[in-house]
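Below you'll find the structure, written out as structure tokens, and then a few comments.
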Amino acid sequence: MMGFRIRTQLVGSVSLAAFSTTLACIAFPQAALAQDNAAQNAEDQADTNLTSEDENVIIVTGFRGSVANAISEKRDLPFIADVVSADDIAGLPDTSIAESLARLPGVTSQRTGGQASAINIRGLSQDLVSASLNGREQVATSGDRVIEFNQYPSELIRQAAVYKTPVASIIAGGIAGRVELETVRPLDNSDDFVGAINIRGLYNDHAGQSTDVGEFGYRISGSIQAKLADDTLGLALGYARLFQPNVATRFVQFDFPLPGNNGSPAGEDFDGNGIDDRRSFGNELIQFGGREERDGLIGVIQYEPVPELRVLIDGYYSRLESDVFRRGIRVFSSQSGDTVITNPVVVNDAITGGTFTNQLGANGFGFSLGTELVNQDEGRSDELFTLGGNIAYDFSDRFTAALDLSFSRGESFFNNSGINLRPFTTDPAGALVRADQVPGLLSTTFQTNGLSLPVISAISGDFTNTQTEFLLDGQFLVPQEDTDELFAVAVDFDLDLGGGFFKSFEFGARYAQRDAERIITSFDTFNIPGAPFVVPSDLVSIGGFSGAFAANGFPDFAAVDIGATFDAVFGPDGGTSRPTGQDVFSFTQDQSFTIDEDVLSGYLQFNIDTIAGGLPLQGNIGVRFVYTDQESGSTVAIPGGNALTDRVPVSAGDSYLDILPSVNLILNLSDNDVLRLSATRQISRPSLFDLRGAIGASVGNDGVPSGGGGNPLLRPFRANQFDISYEHYIGSDGILAVAAFYKDLETFIVGGVVPDFNFADAGFALVPPTTNVAVQDSGPLFAPVNGDGGFVWGVEFNLTYSFANILPAPLDGLGVILNYSYSESDLDFPSATSGENLNLPLPGLSESVANPTVYYEKSGFGARVGMRYRTSFVAPQIGISELIVTNASETVFDAQVSYDFPEDSFLGGLKILAQANNFTDEPTRSFFGQRAQTGTLQFFGRTFFLGATYSF
């Protein structure tokens, strides 16, 4: 494979390196030395014993006990972080770990399918968040670096933490922060054998509107842990399964092209203010639904035959099957100048309503308003597997060495298929013709209402009639397969320095090899011989809308069995393999790519434990060196040849070195007051999609090549970070914390131009337009680039308090967890999706985020209400393609009531509970530029749980 390299450049921050000779703090838990930081297991956390200084022992259990454990873990960490522990994770109706994390200060989530999946930290998007399991970097099933946390059942995670400042001994990556997930450690249990069983039924009150799934589902899980061979061998095994409806009712409006672009007319000024009015491409009225199944399995082997030797092997497997369908009605090409608008409603130069009529040919645009039945299979199948082994040995009471090996693999298959049923009519000769080819036949009248549901006053056609009106004239089948593999080996050493300013010295190295691949295939099935076809009536059911959607004019529609229809047209297995006689589209080969990434890193870290000004001072100073060698490849068609078979490989890449110093200082102002200071440098790697070598190229009349696509030369996001945190601890289960942060992003990846990309060295066959032109090797590449940076700053507030010691019974069971954060940034980026050129805020940034929880726990009875609130933020919209929109603020409420039977009773160990998730049915709402230009309105319904857990 031909390729080229821009050789190593040193990338660092001289100023930051100067003020912090190096930096970083002892990782918790660092994969190589994680076994030295013995952690409490999930069952022990639920019954934690907190002992006072006198003879009395105060036993704090349940949710309050888990809060106390999380606060204790936070206090002991040598850097700034927030922690959520076992009972807290299992207690609320969180189907994935993302929802548990979204209750921490400065952390928010983005909902897909009604539940949290992606995580935003401190105003930065999921692209800048990294994740590790038991200290090891994780691959993703998203086809990118973004971790989809719905792959991780909350039942199988003992503890989750958000690391907000980096240290040298932790794997680099995550300017926003790092999410560390930790599974159980059986030898840390106080009992020789413990187990737990969890069974919960669930009901979604919205799922009945979908033709593809029922309202009911369930969650089950079980785990056992045992200590054997005189407590030298520990075994743990856990399994969790989730079956639930995945439903949403959506109104989706497509983006607004700039007037005069993409078939929209210029000079159209209905309100007479001298400014061109903007039209949308169209809209969808959609019922999205299906089943979602997730299976998770963990296994742990812990072996410590002698105190000096510690061996840990752990594995994790997760499978997520999402068999979901998009069904409903699509209106398209309303932006065309041949679509005539009467009675238009214009708000700030955007057309938000009126009557849109197909008048094909009226203004010479060549296309006009159309409608179709939407029946799309958007099923996904994801698998994640990770296996790691760690061996640590104390060569003396002052020197420890550890070796860690790990392998992780993620696979994803996205079906992405559907059938096209469009309206037909007969011409004067009795022949069938598409209705959108007959001027004046199709029209729709509607009015959008900003962040409220639109009113559909009229729309042409009977969308339930698939026998004489809506007929099959095409289909699409564009399967996408993503694989991501990561192998890593790390060695770590810890030397006790025997006192003085520096308590110990850590150093180590890590090598990681990552290989990712995306394969997209597309079949030319739009021109089916003999079309249009009548779909057999036994393959059709009637779907529709209810409630406010039906009241606002959303019509019923035909839901078609997509797989059976494929079989009817193309023969058996037509929906899962290449249809007979159909050709593969070459453009999808251009979109397929591979990524090869080798990372070699090393670190030095001094851990501090001394007295400064009469006060205890801890912390660390360190530096991490990270060398990256990256390459991405694809194939391109040879000019003049067969685009499918005459292709050549192309590749490009780069290598570079980052130097990441860090300083974390912890000053104990009193027994209850802690001040933390941090100054660090961190990176976040480019997304795999931005880094892709899939590039299209051509040669201009002047002989200069140009192209567009990904950019294998991208460098990481880089930031210098400064943090301060004050923590006042209130007893064992309370804390008042105030933190502030400032992130100086030196570079941010945006769309731009690489001015002198060497196409010839990358392997492109450059053919001149005429024989008289000499072709140059280099030219502009329109692709993601490392653009100018900016800053993000913010403050965080957390109050966790139990009223046990100040309120009389029975009010002494009350407690609160109050979190609030505020963030700002000067970073923005251009967007024209609203039909005008705007600068939108940093994606993922909500200025205000609040996550309060009020709980009551006494005599076995427990109750909790939690809220997740965030102000507006920018993120991609769900539509035909990915569009950047502004999401409106949202508030999601969850609640739980439970009862723990006394341990000395016949039902000791049994806990019954009822839960409600999103019990106000909060939708997600988005808009283009201004609230009047509706983007997506999406309702997921309420989910209710009823079940029990039994611990033994």
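Identifiers in this document derive from the order of the structure tokens: chains are assigned A, B, ..., residues are numbered from 1 separately in each chain, and ligands are numbered from 1 in order of occurrence.
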Would you mind listing what lies within 10 Å of range 344-356 of chain A as a PyMOL selection string, with only C-alpha atoms counted and same-chain residues fewer than 3 positions away left out?
chain A and resi 256+268-280+334-335+338-341+359+368-369+442-450+454-459+834-836+930-934
May I ask which of the residues A:Leu486, A:Val213, A:Leu807, A:Val674 is the closest one to Ala516 in chain A, counting only C-alpha atoms?
A:Leu486
Surrounding residues of Gln225 in chain A excluding itself and chain neighbours under 6 positions, 9 Å, only C-alpha atoms, as a list in words
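The residues that qualify are Val184, Arg185, Pro186, Leu187, Asn189, Asp192, Phe193, Val194, Gly195, Gly234, Leu235, Ala236, Leu237, Gly238 and Val300 of chain A.
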Residues from last step as file, C-alpha atoms, as an mmCIF file, in the first residue's frame:
data_model
loop_
_atom_site.group_PDB
_atom_site.id
_atom_site.type_symbol
_atom_site.label_atom_id
_atom_site.label_comp_id
_atom_site.auth_asym_id
_atom_site.auth_seq_id
_atom_site.Cartn_x
_atom_site.Cartn_y
_atom_site.Cartn_z
ATOM 1 C CA VAL A 184 -16.011 -6.337 41.720
ATOM 2 C CA ARG A 185 -12.967 -7.777 43.535
ATOM 3 C CA PRO A 186 -14.047 -10.961 45.397
ATOM 4 C CA LEU A 187 -11.054 -11.132 47.788
ATOM 5 C CA ASN A 189 -15.256 -9.133 50.578
ATOM 6 C CA ASP A 192 -16.596 -16.032 51.960
ATOM 7 C CA PHE A 193 -19.607 -16.193 49.679
ATOM 8 C CA VAL A 194 -22.025 -13.487 48.553
ATOM 9 C CA GLY A 195 -24.619 -13.339 45.833
ATOM 10 C CA GLY A 234 -11.389 -15.237 44.562
ATOM 11 C CA LEU A 235 -13.982 -15.932 41.871
ATOM 12 C CA ALA A 236 -16.806 -13.734 40.640
ATOM 13 C CA LEU A 237 -19.387 -14.195 37.922
ATOM 14 C CA GLY A 238 -22.195 -11.873 36.943
ATOM 15 C CA VAL A 300 -13.174 -12.199 37.670
#
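Using only C-alpha atoms, the contacts of Leu421 in chain A at a cut-off of 7 Å, with sequence neighbours closer than 4 positions omitted, comprise Glu372, Leu373, Phe470, Leu471, Leu472 and Asp473 of chain A.
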Rounded to one decimal place, report the CA of Asn851 in chain A-CA of Ser802 in chain A distance in Å.
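Those two atoms sit 16.8 Å apart.
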Run DSSP on the backbone and grab whatever in range 110-341 of chain A lands in strand (DSSP E); send it over as a count of residues only.
123
